[in-house]
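Structure below is structure.txt: compact mmCIF, C-alpha atoms.
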# COMPACT_ATOMS: atom_id res chain seq x y z
CA MET A 122 -7.43 29.87 -2.66
CA SER A 123 -3.78 30.01 -1.69
CA LEU A 124 -1.08 27.49 -0.88
CA GLN A 125 0.89 28.00 2.31
CA SER A 126 3.82 25.89 3.48
CA ASP A 127 4.08 24.58 7.01
CA GLU A 128 6.82 27.15 7.65
CA SER A 129 4.27 29.95 7.30
CA VAL A 130 1.73 28.62 9.79
CA ALA A 131 3.60 28.81 13.07
CA GLY A 132 0.35 29.31 14.94
CA SER A 133 -1.04 25.92 13.94
CA ALA A 134 0.43 23.83 16.73
CA GLU A 135 -1.33 20.72 17.97
CA GLY A 136 -4.13 21.37 20.39
CA THR A 137 -5.28 24.73 19.04
CA GLY A 138 -8.60 23.38 17.78
CA ASP A 139 -10.54 25.81 19.98
CA ARG A 140 -9.07 28.81 18.10
CA GLY A 141 -9.22 27.48 14.57
CA PRO A 142 -11.84 26.23 12.14
CA ARG A 143 -14.27 23.57 13.22
CA VAL A 144 -13.19 21.00 10.61
CA SER A 145 -9.76 20.13 9.21
CA ILE A 146 -9.55 18.15 5.96
CA LEU A 147 -6.42 15.99 5.86
CA ILE A 148 -5.12 14.95 2.43
CA PRO A 149 -1.99 12.74 2.33
CA CYS A 150 -0.50 12.53 -1.15
CA ARG A 151 2.58 11.48 -3.07
CA ASN A 152 2.95 11.54 -6.85
CA GLU A 153 -0.72 12.30 -7.49
CA ALA A 154 -0.31 14.83 -10.31
CA ASP A 155 -2.93 13.02 -12.40
CA SER A 156 -5.63 13.00 -9.74
CA ILE A 157 -5.01 15.83 -7.29
CA VAL A 158 -6.98 18.45 -9.25
CA ALA A 159 -10.14 16.32 -9.25
CA CYS A 160 -9.74 15.87 -5.49
CA LEU A 161 -9.27 19.62 -4.91
CA GLU A 162 -12.32 20.35 -7.03
CA SER A 163 -14.28 18.04 -4.73
CA VAL A 164 -12.96 20.02 -1.77
CA ARG A 165 -13.86 23.35 -3.39
CA ARG A 166 -17.44 22.18 -3.91
CA GLN A 167 -17.91 21.06 -0.30
CA GLU A 168 -20.77 22.54 1.68
CA ALA A 169 -18.89 24.35 4.41
CA PRO A 170 -19.95 23.26 7.91
CA ASP A 171 -20.71 25.76 10.65
CA GLY A 172 -17.42 27.07 11.96
CA GLY A 173 -15.63 26.70 8.64
CA LEU A 174 -12.92 24.35 7.52
CA GLU A 175 -9.28 24.21 6.51
CA VAL A 176 -7.40 21.92 4.12
CA ILE A 177 -4.03 20.40 4.96
CA LEU A 178 -2.10 18.75 2.14
CA ALA A 179 0.63 16.42 3.42
CA ASP A 180 2.99 15.86 0.50
CA GLY A 181 5.32 12.87 0.68
CA GLU A 182 8.11 14.43 -1.38
CA SER A 183 6.30 14.01 -4.70
CA GLU A 184 8.53 13.58 -7.74
CA ASP A 185 5.94 13.90 -10.50
CA GLY A 186 5.16 17.61 -10.17
CA THR A 187 2.16 17.23 -7.85
CA LEU A 188 2.86 20.49 -6.01
CA GLU A 189 3.36 22.38 -9.27
CA VAL A 190 -0.02 21.07 -10.44
CA VAL A 191 -1.58 22.30 -7.20
CA GLU A 192 0.04 25.73 -7.61
CA ARG A 193 -1.28 26.08 -11.17
CA TYR A 194 -4.74 24.97 -10.10
CA LEU A 195 -4.87 27.57 -7.33
CA GLN A 196 -3.54 30.34 -9.58
CA GLN A 197 -6.33 29.64 -12.07
CA ARG A 198 -9.04 30.08 -9.47
CA LYS A 199 -10.75 33.43 -9.64
CA PRO A 200 -11.61 35.53 -6.57
CA GLY A 201 -14.78 34.21 -5.04
CA GLU A 202 -14.23 30.70 -6.40
CA ALA A 203 -12.43 29.38 -3.35
CA GLY A 204 -15.50 27.52 -2.20
CA ALA A 205 -15.47 25.95 1.25
CA ALA A 206 -11.78 26.61 1.92
CA SER A 207 -9.94 29.83 1.16
CA GLU A 208 -6.48 28.33 1.56
CA ILE A 209 -4.60 25.05 1.41
CA ARG A 210 -1.84 24.53 3.93
CA LEU A 211 1.09 22.39 2.87
CA VAL A 212 2.98 20.21 5.33
CA ARG A 213 5.98 18.12 4.40
CA ASN A 214 5.90 14.36 4.87
CA PRO A 215 9.48 13.08 4.69
CA GLY A 216 8.25 9.61 5.66
CA ARG A 217 6.56 9.43 2.22
CA ILE A 218 3.83 7.03 3.36
CA VAL A 219 0.20 7.61 4.32
CA SER A 220 0.56 7.00 8.06
CA THR A 221 3.37 9.55 8.52
CA GLY A 222 1.53 12.06 6.32
CA LEU A 223 -1.70 11.71 8.27
CA ASN A 224 0.06 12.03 11.61
CA GLN A 225 1.87 15.18 10.48
CA ALA A 226 -1.39 16.66 9.20
CA ILE A 227 -3.17 15.81 12.48
CA ARG A 228 -0.47 17.59 14.47
CA GLU A 229 -0.80 20.69 12.30
CA ALA A 230 -4.60 20.66 12.19
CA ARG A 231 -6.51 23.33 14.06
CA GLY A 232 -9.98 21.79 13.69
CA ARG A 233 -11.89 19.98 16.39
CA ILE A 234 -13.15 17.48 13.79
CA LEU A 235 -10.71 15.80 11.40
CA VAL A 236 -11.78 14.43 8.01
CA ARG A 237 -9.47 12.33 5.87
CA MET A 238 -9.77 12.77 2.11
CA ASP A 239 -7.44 10.86 -0.22
CA SER A 240 -6.09 12.49 -3.35
CA HIS A 241 -7.15 9.69 -5.72
CA THR A 242 -10.79 9.98 -4.64
CA GLU A 243 -13.63 12.32 -5.52
CA TYR A 244 -16.28 13.38 -3.01
CA ALA A 245 -19.93 14.38 -3.05
CA PRO A 246 -20.52 18.09 -2.22
CA ASP A 247 -22.14 17.12 1.08
CA TYR A 248 -19.37 14.67 2.08
CA VAL A 249 -17.89 16.72 4.92
CA ARG A 250 -21.28 17.90 6.17
CA ARG A 251 -22.61 14.33 6.24
CA CYS A 252 -19.51 13.11 8.07
CA VAL A 253 -19.95 15.75 10.76
CA GLU A 254 -23.68 15.07 11.08
CA VAL A 255 -23.22 11.30 11.44
CA LEU A 256 -20.34 11.75 13.87
CA GLU A 257 -22.47 13.94 16.13
CA LYS A 258 -25.69 11.93 15.72
CA THR A 259 -24.19 8.51 16.44
CA GLY A 260 -21.55 9.51 18.96
CA ALA A 261 -19.19 7.10 17.20
CA ASP A 262 -15.43 7.52 17.35
CA ASN A 263 -14.96 7.20 13.59
CA VAL A 264 -17.47 7.45 10.76
CA GLY A 265 -17.37 7.12 7.00
CA GLY A 266 -19.15 5.88 3.93
CA PRO A 267 -18.91 2.67 1.91
CA ALA A 268 -16.29 2.08 -0.75
CA ARG A 269 -17.48 3.22 -4.18
CA THR A 270 -15.44 3.42 -7.38
CA ARG A 271 -15.23 5.56 -10.50
CA ALA A 272 -13.08 4.56 -13.45
CA GLU A 273 -12.52 5.30 -17.12
CA GLY A 274 -10.74 2.98 -19.50
CA TYR A 275 -11.15 -0.74 -20.01
CA TRP A 276 -8.79 -2.18 -17.39
CA PRO A 277 -9.62 0.38 -14.67
CA ARG A 278 -13.31 -0.39 -15.21
CA ALA A 279 -12.66 -4.12 -14.90
CA ILE A 280 -10.59 -3.61 -11.75
CA ALA A 281 -13.32 -1.40 -10.26
CA ALA A 282 -16.07 -3.89 -11.11
CA ALA A 283 -14.18 -6.75 -9.46
CA TYR A 284 -13.52 -4.56 -6.42
CA HIS A 285 -17.24 -4.65 -5.65
CA SER A 286 -17.44 -8.45 -5.85
CA ARG A 287 -17.41 -10.63 -2.74
CA PHE A 288 -15.37 -13.12 -4.74
CA ALA A 289 -12.50 -10.64 -5.06
CA VAL A 290 -12.37 -9.04 -1.62
CA GLY A 291 -14.55 -11.16 0.68
CA GLY A 292 -17.62 -9.96 2.50
CA ALA A 293 -16.33 -6.86 4.28
CA ARG A 294 -19.25 -4.58 5.06
CA PHE A 295 -17.49 -1.42 3.88
CA HIS A 296 -17.81 -2.80 0.34
CA ASP A 297 -21.63 -2.87 0.72
CA VAL A 298 -22.80 0.49 -0.62
CA ASP A 299 -26.23 0.11 1.03
CA TYR A 300 -25.18 -0.92 4.53
CA GLU A 301 -25.67 1.45 7.46
CA GLY A 302 -24.51 0.54 10.94
CA PRO A 303 -21.51 -0.47 13.03
CA VAL A 304 -18.45 -1.80 11.21
CA ASP A 305 -14.93 -2.96 12.05
CA THR A 306 -13.37 -0.54 9.60
CA VAL A 307 -14.55 2.18 7.26
CA THR A 308 -13.36 3.98 4.16
CA TYR A 309 -11.15 7.00 5.03
CA GLY A 310 -12.67 8.37 8.23
CA CYS A 311 -13.90 11.30 10.27
CA TRP A 312 -12.90 11.69 13.91
CA ARG A 313 -13.02 14.11 16.79
CA ARG A 314 -9.54 15.20 17.76
CA GLU A 315 -9.97 13.42 21.09
CA ALA A 316 -10.06 10.06 19.29
CA PHE A 317 -6.35 10.34 18.57
CA GLU A 318 -5.62 11.40 22.12
CA LYS A 319 -7.51 8.34 23.37
CA PHE A 320 -6.55 5.66 20.84
CA GLY A 321 -3.25 7.00 19.54
CA TYR A 322 -2.05 8.13 16.12
CA PHE A 323 -1.53 5.99 13.02
CA ASP A 324 1.21 3.36 13.21
CA GLU A 325 4.10 4.79 11.20
CA GLU A 326 5.68 1.38 10.65
CA LEU A 327 2.80 0.33 8.41
CA VAL A 328 3.08 1.20 4.73
CA ARG A 329 -0.40 -0.29 4.15
CA ASN A 330 -3.31 -1.24 6.42
CA GLN A 331 -2.65 1.71 8.75
CA ASP A 332 -6.34 2.60 8.75
CA ASP A 333 -7.41 -0.99 9.51
CA GLU A 334 -4.92 -1.14 12.36
CA HIS A 335 -6.07 2.17 13.82
CA ASN A 336 -9.71 1.13 13.58
CA LEU A 337 -8.79 -2.12 15.31
CA ARG A 338 -7.38 -0.14 18.21
CA ILE A 339 -10.59 1.90 18.37
CA VAL A 340 -12.79 -1.20 18.54
CA ARG A 341 -10.53 -2.99 21.01
CA GLY A 342 -10.43 0.14 23.14
CA GLY A 343 -14.22 0.17 23.47
CA GLY A 344 -14.89 2.68 20.69
CA ARG A 345 -17.38 2.52 17.84
CA ILE A 346 -17.04 2.87 14.08
CA TRP A 347 -20.13 3.71 12.00
CA GLN A 348 -20.84 3.49 8.28
CA ASP A 349 -23.52 5.58 6.58
CA PRO A 350 -24.22 5.15 2.84
CA ARG A 351 -25.17 8.83 2.57
CA ILE A 352 -21.47 9.66 3.00
CA ARG A 353 -20.47 9.32 -0.64
CA SER A 354 -17.07 9.20 -2.27
CA TRP A 355 -15.67 7.56 -5.40
CA TYR A 356 -12.27 5.90 -5.34
CA ARG A 357 -10.25 5.64 -8.54
CA PRO A 358 -8.69 2.15 -8.64
CA ARG A 359 -5.37 1.22 -10.18
CA GLY A 360 -5.13 1.51 -13.94
CA SER A 361 -3.25 -1.69 -14.78
CA LEU A 362 -2.86 -5.26 -13.61
CA LYS A 363 0.77 -4.58 -12.66
CA ALA A 364 -0.20 -1.68 -10.41
CA LEU A 365 -3.06 -3.71 -8.91
CA PHE A 366 -0.69 -6.59 -8.16
CA ARG A 367 1.77 -4.30 -6.36
CA GLN A 368 -1.02 -2.72 -4.33
CA TYR A 369 -2.60 -5.95 -3.13
CA ALA A 370 0.72 -7.66 -2.51
CA GLN A 371 1.45 -4.81 -0.10
CA TYR A 372 -1.97 -5.21 1.52
CA GLY A 373 -1.33 -8.90 2.13
CA TYR A 374 2.23 -8.32 3.31
CA TRP A 375 1.38 -5.67 5.89
CA LYS A 376 -1.75 -7.48 7.09
CA VAL A 377 0.60 -10.08 8.57
CA ARG A 378 2.33 -7.36 10.60
CA VAL A 379 -1.02 -6.08 11.91
CA ILE A 380 -2.05 -9.60 12.93
CA GLN A 381 1.34 -10.14 14.58
CA LYS A 382 1.29 -6.85 16.48
CA HIS A 383 -2.16 -7.41 17.92
CA ARG A 384 -1.89 -11.21 18.35
CA LEU A 385 -5.02 -11.70 16.30
CA PRO A 386 -6.40 -14.89 14.79
CA ALA A 387 -6.24 -14.39 11.02
CA SER A 388 -9.59 -14.09 9.24
CA TRP A 389 -10.38 -16.63 6.54
CA ARG A 390 -10.45 -13.74 4.06
CA HIS A 391 -6.76 -13.12 4.76
CA VAL A 392 -5.63 -16.76 4.84
CA VAL A 393 -7.43 -18.29 1.86
CA PRO A 394 -5.36 -16.61 -0.93
CA ALA A 395 -2.08 -17.63 0.71
CA GLY A 396 -3.40 -21.13 1.41
CA PHE A 397 -4.44 -21.46 -2.21
CA LEU A 398 -0.95 -20.60 -3.44
CA LEU A 399 0.65 -23.00 -0.96
CA THR A 400 -1.73 -25.74 -2.10
CA LEU A 401 -0.80 -25.22 -5.74
CA ALA A 402 2.91 -25.20 -4.94
CA GLY A 403 2.64 -28.28 -2.73
CA LEU A 404 0.69 -30.25 -5.31
CA ALA A 405 3.10 -29.27 -8.07
CA LEU A 406 6.09 -30.30 -5.96
CA GLY A 407 4.42 -33.51 -4.83
CA GLY A 408 3.52 -34.36 -8.40
CA THR A 409 7.21 -34.90 -9.21
CA PHE A 410 7.13 -37.86 -6.81
CA LEU A 411 3.49 -38.91 -6.97
CA PRO A 412 2.16 -38.37 -10.51
CA TRP A 413 -1.45 -38.76 -9.44
CA LEU A 414 -1.15 -35.42 -7.59
CA TRP A 415 -1.05 -33.70 -10.97
CA TRP A 416 -4.68 -34.73 -11.39
CA VAL A 417 -5.50 -33.21 -8.02
CA LEU A 418 -3.67 -30.04 -9.03
CA GLY A 419 -5.63 -29.89 -12.27
CA SER A 420 -8.89 -30.36 -10.38
CA VAL A 421 -8.07 -27.53 -7.94
CA VAL A 422 -7.16 -25.20 -10.80
CA ALA A 423 -10.32 -26.15 -12.69
CA LEU A 424 -12.46 -25.56 -9.61
CA TYR A 425 -10.90 -22.14 -9.07
CA GLY A 426 -11.26 -21.31 -12.75
CA GLY A 427 -14.93 -22.22 -12.57
CA GLY A 428 -15.37 -19.92 -9.60
CA CYS A 429 -13.69 -17.11 -11.55
CA LEU A 430 -15.99 -17.66 -14.50
CA VAL A 431 -19.14 -17.64 -12.37
CA ALA A 432 -18.02 -14.50 -10.52
CA SER A 433 -17.04 -12.84 -13.80
CA TRP A 434 -20.44 -13.62 -15.32
CA THR A 435 -22.39 -12.15 -12.39
CA THR A 436 -20.08 -9.11 -12.22
CA ALA A 437 -20.24 -8.44 -15.96
CA ARG A 438 -24.04 -8.68 -15.85
CA ARG A 439 -24.03 -5.71 -13.46
CA TRP A 440 -21.09 -3.65 -14.73
CA GLY A 441 -20.99 -4.37 -18.47
CA TRP A 442 -20.65 -7.47 -20.64
CA ASP A 443 -17.64 -6.04 -22.42
CA LEU A 444 -15.67 -6.62 -19.20
CA LEU A 445 -16.30 -10.36 -19.19
CA PRO A 446 -13.04 -11.39 -20.93
CA ALA A 447 -10.91 -9.35 -18.50
CA LEU A 448 -12.61 -10.19 -15.22
CA PRO A 449 -11.17 -13.71 -14.67
CA VAL A 450 -7.66 -12.26 -15.00
CA VAL A 451 -8.50 -9.38 -12.66
CA PHE A 452 -9.95 -11.72 -10.01
CA ALA A 453 -6.85 -13.91 -10.21
CA THR A 454 -4.64 -10.84 -9.83
CA TYR A 455 -6.45 -9.77 -6.64
CA HIS A 456 -6.09 -13.25 -5.14
CA VAL A 457 -2.56 -14.14 -6.23
CA ALA A 458 -1.19 -10.71 -5.28
CA TYR A 459 -2.72 -10.75 -1.80
CA GLY A 460 -1.66 -14.33 -1.20
CA TRP A 461 1.87 -13.68 -2.43
CA GLY A 462 2.22 -10.65 -0.19
CA PHE A 463 0.76 -12.51 2.80
CA LEU A 464 3.28 -15.34 2.37
CA GLY A 465 6.09 -12.79 2.10
CA GLY A 466 4.91 -11.18 5.32
CA LEU A 467 4.86 -14.56 7.09
CA VAL A 468 8.45 -15.21 6.02
CA ASP A 469 9.78 -11.76 6.96
CA PHE A 470 7.83 -10.90 10.10
CA VAL A 471 7.06 -14.32 11.60
CA LEU A 472 9.76 -16.76 10.47
CA LEU A 473 12.80 -14.50 10.03
CA ARG A 474 11.63 -11.68 12.35
CA ARG A 475 13.21 -9.01 10.20
CA ARG A 476 12.20 -5.63 8.88
CA ALA A 477 10.21 -5.15 5.70
CA ARG A 478 12.03 -6.16 2.56
CA ALA A 479 12.72 -3.84 -0.37
CA GLY A 480 9.64 -3.33 -2.50
CA TYR A 481 7.28 -3.37 0.48
CA GLU A 482 8.75 -0.54 2.54
CA ARG A 483 7.52 2.24 0.24
CA LEU A 484 4.00 2.99 -0.91
CA THR A 485 3.27 1.98 -4.52
CA ARG A 486 0.89 3.52 -7.03

Structure encoded using structure tokens:
Amino acid sequence: MSLQSDESVAGSAEGTGDRGPRVSILIPCRNEADSIVACLESVRRQEAPDGGLEVILADGESEDGTLEVVERYLQQRKPGEAGAASEIRLVRNPGRIVSTGLNQAIREARGRILVRMDSHTEYAPDYVRRCVEVLEKTGADNVGGPARTRAEGYWPRAIAAAYHSRFAVGGARFHDVDYEGPVDTVTYGCWRREAFEKFGYFDEELVRNQDDEHNLRIVRGGGRIWQDPRIRSWYRPRGSLKALFRQYAQYGYWKVRVIQKHRLPASWRHVVPAGFLLTLAGLALGGTFLPWLWWVLGSVVALYGGGCLVASWTTARRWGWDLLPALPVVFATYHVAYGWGFLGGLVDFVLLRRRARAGYERLTR
């Protein structure tokens, strides 16, 4: 394996898929020094498809030594250990967010089939092969597998366990690890190059939700998205409640912009967390004038707390009873963070019609 910068691949201009490898793996990253090696190991172990593949690493000006970690990893590989890809091509992503990194990688890619692989995720050895097979078998415009998690440590395990609960994230099908069939969105993605010519590239305004928005354009444009549980990957969730809060606040915030751009009716899954926070705030404020509202507020909080306890019990029964004390706090963090971000998005994008505020304009980890 070798690492080449975008300055050394002048022949990789957009549209050269007929002269290059069949598959291009696109990996956007920024400050992933702790996880990038595990991702590259997953790439190395991939079963190479007919026609070969290339790997394009789009680095968003990492400040934690990510590229140095990649260099050391590649230097330690012995001849013959390159696996599916003999080189990794580096492209710079001055935009520093996923959408700009993916778009830059797509433009540089030479493959006819494009597979997104995130740096904080590990992949089964047949991941790329399965993606290609399902793409060709179904004729869909985008394919992928369900969202699975892998975590070590107490809080990451609790966050991962809650991630699989309908109580935390609603009933989105891409969270169902057994579901096969058409979906509105899918984890990561695998496309033919023509999909981006037909439906456009990723929206570079969006710090989060760029994949949901792109999949929305596919569906609205008459395309199909397909999920197959045999396409396996394992996402590593955030390692702390603080990091989880920042992540889901951004999800809620940018979901408002997606809804606004496409003039969509908001799903109940997006509105309920924000409505819950507004209800609590309204009851607390009203209680200063009408004391009986404090009893209503207490009842709402008790009802929500009961829901958290029931969801925590069923989740801990599946993922480990030691997680039971942490799960109510984790569920509340998912909900409060998303609702807080959604309300912030309503204020900025809908009421004030201004650009994203500080704290939401850059990707958080």

For each of A:Ser354, A:Thr435, A:Ser420, A:Ser361, take the minimum atom-to-atom distance to Arg251 of chain A, counting all atoms listed in the file, then give the residue where this is smallest.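 Of the candidates, the smallest distance to Arg251 of chain A is held by A:Ser354.
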
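For the set A:Ala282, A:Ile209, A:Pro350, A:Gly480, the residue with the smallest atom-to-atom gap to Arg438 of chain A is A:Ala282, counting all atoms listed in the file.
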
Neighbours of Ile346 of chain A within 6 Å (all atoms listed in the file; same-chain residues fewer than 3 positions away dropped), as a CSV table (one decimal) with C-alpha atoms, in the coordinates of the input?
chain,number,residue,atom,x,y,z
A,261,ALA,CA,-19.2,7.1,17.2
A,262,ASP,CA,-15.4,7.5,17.4
A,263,ASN,CA,-15.0,7.2,13.6
A,264,VAL,CA,-17.5,7.4,10.8
A,303,PRO,CA,-21.5,-0.5,13.0
A,304,VAL,CA,-18.4,-1.8,11.2

Can you work out which one of A:Ile146, A:Leu362, A:Ala437, A:Val377 has the shortest atom-to-atom distance to Arg474 of chain A, counting only C-alpha atoms? A:Val377

I'd like to know which of A:Arg198, A:Arg233, A:Arg329, A:His241 is closest to Pro149 of chain A, using only C-alpha atoms.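 Ranked by minimum distance to Pro149 of chain A, first place goes to A:His241.
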
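Distance-wise, atom CA of Gly172 of chain A and atom CA of Gly232 of chain A end up 9.3 Å apart.
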
Kindly provide, as a count of residues only, the polymer residues lying within 10 Å of (-4.3, -7.4, -5.8), counting all atoms listed in the file and using the coordinates exactly as they appear in the file. 29

What does the distance between atom CA of Tyr309 of chain A and atom CA of Cys252 of chain A come to in Å, to one decimal place?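 Separation of atom CA of Tyr309 of chain A and atom CA of Cys252 of chain A: 10.8 Å.
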
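Here the question is which of A:Asp180, A:Asn224, A:Gln331, A:Tyr275 gets nearest to Leu444 of chain A using only C-alpha atoms, and that residue is A:Tyr275.
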
Closest of A:Gly291, A:Leu418, A:Leu445, A:Arg439 to Pro394 of chain A, counting only C-alpha atoms, is A:Gly291

Quick check, in Å to one decimal: how far apart do atom CA of Val471 of chain A and atom CA of Asn330 of chain A lie?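 We find that atom CA of Val471 of chain A and atom CA of Asn330 of chain A lie 17.5 Å from each other.
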
Would you list the contacts of Val422 of chain A as a ChimeraX atom specification, taking every protein, DNA or RNA residue within 12 Å and counting all atoms listed in the file, but skipping same-chain residues closer than 2 positions in sequence? /A:397-398,400-402,404-405,415-420,424-429,453

Could those residues be written to a file, using C-alpha atoms, as a PDB file, in the frame of the given file?
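Final output, again.pdb:
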ATOM      1  CA  PHE A 397      -4.440 -21.460  -2.210  1.00  0.00           C
ATOM      2  CA  LEU A 398      -0.950 -20.600  -3.440  1.00  0.00           C
ATOM      3  CA  THR A 400      -1.730 -25.740  -2.100  1.00  0.00           C
ATOM      4  CA  LEU A 401      -0.800 -25.220  -5.740  1.00  0.00           C
ATOM      5  CA  ALA A 402       2.910 -25.200  -4.940  1.00  0.00           C
ATOM      6  CA  LEU A 404       0.690 -30.250  -5.310  1.00  0.00           C
ATOM      7  CA  ALA A 405       3.100 -29.270  -8.070  1.00  0.00           C
ATOM      8  CA  TRP A 415      -1.050 -33.700 -10.970  1.00  0.00           C
ATOM      9  CA  TRP A 416      -4.680 -34.730 -11.390  1.00  0.00           C
ATOM     10  CA  VAL A 417      -5.500 -33.210  -8.020  1.00  0.00           C
ATOM     11  CA  LEU A 418      -3.670 -30.040  -9.030  1.00  0.00           C
ATOM     12  CA  GLY A 419      -5.630 -29.890 -12.270  1.00  0.00           C
ATOM     13  CA  SER A 420      -8.890 -30.360 -10.380  1.00  0.00           C
ATOM     14  CA  LEU A 424     -12.460 -25.560  -9.610  1.00  0.00           C
ATOM     15  CA  TYR A 425     -10.900 -22.140  -9.070  1.00  0.00           C
ATOM     16  CA  GLY A 426     -11.260 -21.310 -12.750  1.00  0.00           C
ATOM     17  CA  GLY A 427     -14.930 -22.220 -12.570  1.00  0.00           C
ATOM     18  CA  GLY A 428     -15.370 -19.920  -9.600  1.00  0.00           C
ATOM     19  CA  CYS A 429     -13.690 -17.110 -11.550  1.00  0.00           C
ATOM     20  CA  ALA A 453      -6.850 -13.910 -10.210  1.00  0.00           C
TER      21      ALA A 453
END

Near segment 184-187 of chain A, within 8 Å and counting all atoms listed in the file, which residues show up once chain neighbours fewer than 4 positions away are dropped, as a list in words? Arg151, Asn152, Glu153, Ala154, Ile157 and Val191 of chain A

Which residues come within 10 Å of Gly216 of chain A, counting all atoms listed in the file, excluding same-chain residues fewer than 2 positions away, as an MDAnalysis selection string? chainID A and resid 180:182 213:214 218:222 225 325:326 328 483

For the residues in that selection, give me C-alpha atoms as a PDB file, in the frame of the given file.
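The result, written out as again_35.pdb:
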ATOM      1  CA  ASP A 180       2.990  15.860   0.500  1.00  0.00           C
ATOM      2  CA  GLY A 181       5.320  12.870   0.680  1.00  0.00           C
ATOM      3  CA  GLU A 182       8.110  14.430  -1.380  1.00  0.00           C
ATOM      4  CA  ARG A 213       5.980  18.120   4.400  1.00  0.00           C
ATOM      5  CA  ASN A 214       5.900  14.360   4.870  1.00  0.00           C
ATOM      6  CA  ILE A 218       3.830   7.030   3.360  1.00  0.00           C
ATOM      7  CA  VAL A 219       0.200   7.610   4.320  1.00  0.00           C
ATOM      8  CA  SER A 220       0.560   7.000   8.060  1.00  0.00           C
ATOM      9  CA  THR A 221       3.370   9.550   8.520  1.00  0.00           C
ATOM     10  CA  GLY A 222       1.530  12.060   6.320  1.00  0.00           C
ATOM     11  CA  GLN A 225       1.870  15.180  10.480  1.00  0.00           C
ATOM     12  CA  GLU A 325       4.100   4.790  11.200  1.00  0.00           C
ATOM     13  CA  GLU A 326       5.680   1.380  10.650  1.00  0.00           C
ATOM     14  CA  VAL A 328       3.080   1.200   4.730  1.00  0.00           C
ATOM     15  CA  ARG A 483       7.520   2.240   0.240  1.00  0.00           C
TER      16      ARG A 483
END

Test item: which residues lie within 8 Å of (-9.4, 6.6, 0.2) counting only C-alpha atoms, as a PyMOL selection string: chain A and resi 238-242+308-309+356
